[in-house]
Amino acid sequence: MKVGLNGLSQGGLLCAALLSALLAGPAAGDEVKGFIVPHDSAPHYGGPLGGEGNTAEVLATRSQTGGVFGVWRSNIEPEFGPPLHIHKEEDEFFYVLSGEFALQLGDCVQRVQAGAFAFIPKNAPHTYRKTAAGPGVLLGVVSPGGFESFFEQLPGADDAKVGALAADHAMDSVGPPIDLGTLGEKAAGC
């Protein structure tokens, strides 16, 4: 499987992913109503992993969208990033709202800044790591929805609980976090 990262100028992929999710529609019999999430009113989960500065705000849940998608916004501390992992049940995408990150998709690792976009098909190994000082914010979306509930259960979880949550959400760790010391070497060839 050949995978790569795309900038905002390749936004057609974003549109295609959203259109695909929306065309799939809600499960039979589910009525979906629109909704608006006013500023600072989304459920906020503080300090999920790697420090109190790592937070997640869930903007749309599976139940709100009839199962079609889930959306969250994450504030990420410098040098934080999860291990390389896969999602077995959903496609995912990230949009970098602010800051500088390293995004890894398959063997490709690239430094990206605000405006970058990455589409991650299910079963594709991926991760991210905040690379520069200061705040970083990622918008994440999964289709179908459901993974966003991971963030609700994550605060205060020890390693065993995180492993159980990952298993409950059909997510497998398949490698270590991005090593910032070798980032320049990995970026070649993407």
# chains A, B, ... in the order shown; residues from 1 in each chain; ligands from 1

call {"tool": "residues_around", "arguments": {"residues": "segment 30-35 of chain A", "least_positions_apart": "5", "cutoff": "12 Å", "atoms": "only C-alpha atoms", "output": "PyMOL selection string"}}
result
chain A and resi 22+25+42+59-69

call {"tool": "closest_atom_pairs", "arguments": {"of": "segment 104-125 of chain A", "to": "segment 164-171 of chain A", "cutoff": "12 Å", "atoms": "only C-alpha atoms", "output": "CSV"}}
result
residue,atom,partner,partner_atom,distance
A:Lys122,CA,A:Met171,CA,9.8
A:Asn123,CA,A:Met171,CA,9.0
A:Ala124,CA,A:Met171,CA,11.0
A:Pro125,CA,A:Met171,CA,10.4

call {"tool": "write_last_selection", "arguments": {"atoms": "N, CA and C atoms", "output": "PDB file, in the first residue's frame"}}
result
ATOM      1  N   LYS A 122      -8.136   3.060   6.981  1.00  0.00           N
ATOM      2  CA  LYS A 122      -8.047   2.063   8.045  1.00  0.00           C
ATOM      3  C   LYS A 122      -6.937   1.069   7.726  1.00  0.00           C
ATOM      4  N   ASN A 123      -6.322   0.565   8.763  1.00  0.00           N
ATOM      5  CA  ASN A 123      -5.207  -0.384   8.725  1.00  0.00           C
ATOM      6  C   ASN A 123      -3.886   0.212   8.242  1.00  0.00           C
ATOM      7  N   ALA A 124      -3.812   1.532   8.019  1.00  0.00           N
ATOM      8  CA  ALA A 124      -2.557   2.174   7.623  1.00  0.00           C
ATOM      9  C   ALA A 124      -1.804   2.614   8.890  1.00  0.00           C
ATOM     10  N   PRO A 125      -0.557   2.181   9.069  1.00  0.00           N
ATOM     11  CA  PRO A 125       0.222   2.615  10.237  1.00  0.00           C
ATOM     12  C   PRO A 125       0.451   4.130  10.179  1.00  0.00           C
TER      13      PRO A 125
END

call {"tool": "select_by_dssp", "arguments": {"residues": "segment 80-154 of chain A", "states": "alpha helix (DSSP H)", "output": "list in words"}}
result
Ser149, Phe150, Phe151, Glu152 and Gln153 of chain A

call {"tool": "select_by_dssp", "arguments": {"residues": "segment 5-187 of chain A", "states": "strand (DSSP E)", "output": "ChimeraX atom specification"}}
result
/A:44-45,55-60,70-76,85-87,91-98,100-105,108-113,117-120,126-130,136-143,171-173

call {"tool": "closest_residue", "arguments": {"among": "A:Ala132, A:Val37, A:Val137, A:Ile178", "to": "Val109 of chain A", "atoms": "only C-alpha atoms"}}
result
A:Ile178

call {"tool": "closest_residue", "arguments": {"among": "A:His87, A:Arg129, A:Arg111, A:His44", "to": "Phe151 of chain A", "atoms": "only C-alpha atoms"}}
result
A:His44

call {"tool": "closest_residue", "arguments": {"among": "A:Leu105, A:Ala118, A:Val96, A:Val174", "to": "Pro83 of chain A", "atoms": "only C-alpha atoms"}}
result
A:Val174

call {"tool": "atom_distance", "arguments": {"atom1": "atom CA of Thr182 of chain A", "atom2": "atom CA of Pro121 of chain A"}}
result
25.2 Å

call {"tool": "residues_around", "arguments": {"residues": "Tyr95 of chain A", "least_positions_apart": "6", "cutoff": "6 Å", "atoms": "only C-alpha atoms", "output": "ChimeraX atom specification"}}
result
/A:116-117,138-139

call {"tool": "write_last_selection", "arguments": {"atoms": "N, CA and C atoms", "output": "PDB file, in the first residue's frame"}}
result
ATOM      1  N   ALA A 116      -1.726  21.829   6.896  1.00  0.00           N
ATOM      2  CA  ALA A 116      -1.451  20.496   6.347  1.00  0.00           C
ATOM      3  C   ALA A 116      -2.620  19.562   6.647  1.00  0.00           C
ATOM      4  N   PHE A 117      -2.799  18.607   5.764  1.00  0.00           N
ATOM      5  CA  PHE A 117      -3.893  17.641   5.855  1.00  0.00           C
ATOM      6  C   PHE A 117      -3.342  16.247   5.607  1.00  0.00           C
ATOM      7  N   LEU A 138      -4.537  19.953  16.535  1.00  0.00           N
ATOM      8  CA  LEU A 138      -4.947  19.071  15.440  1.00  0.00           C
ATOM      9  C   LEU A 138      -6.457  18.909  15.473  1.00  0.00           C
ATOM     10  N   LEU A 139      -7.075  18.909  14.298  1.00  0.00           N
ATOM     11  CA  LEU A 139      -8.467  18.530  14.154  1.00  0.00           C
ATOM     12  C   LEU A 139      -8.455  17.101  13.637  1.00  0.00           C
TER      13      LEU A 139
END

call {"tool": "closest_residue", "arguments": {"among": "A:Ala56, A:Ile36, A:Val112, A:Ile120", "to": "Glu148 of chain A", "atoms": "only C-alpha atoms"}}
result
A:Ala56
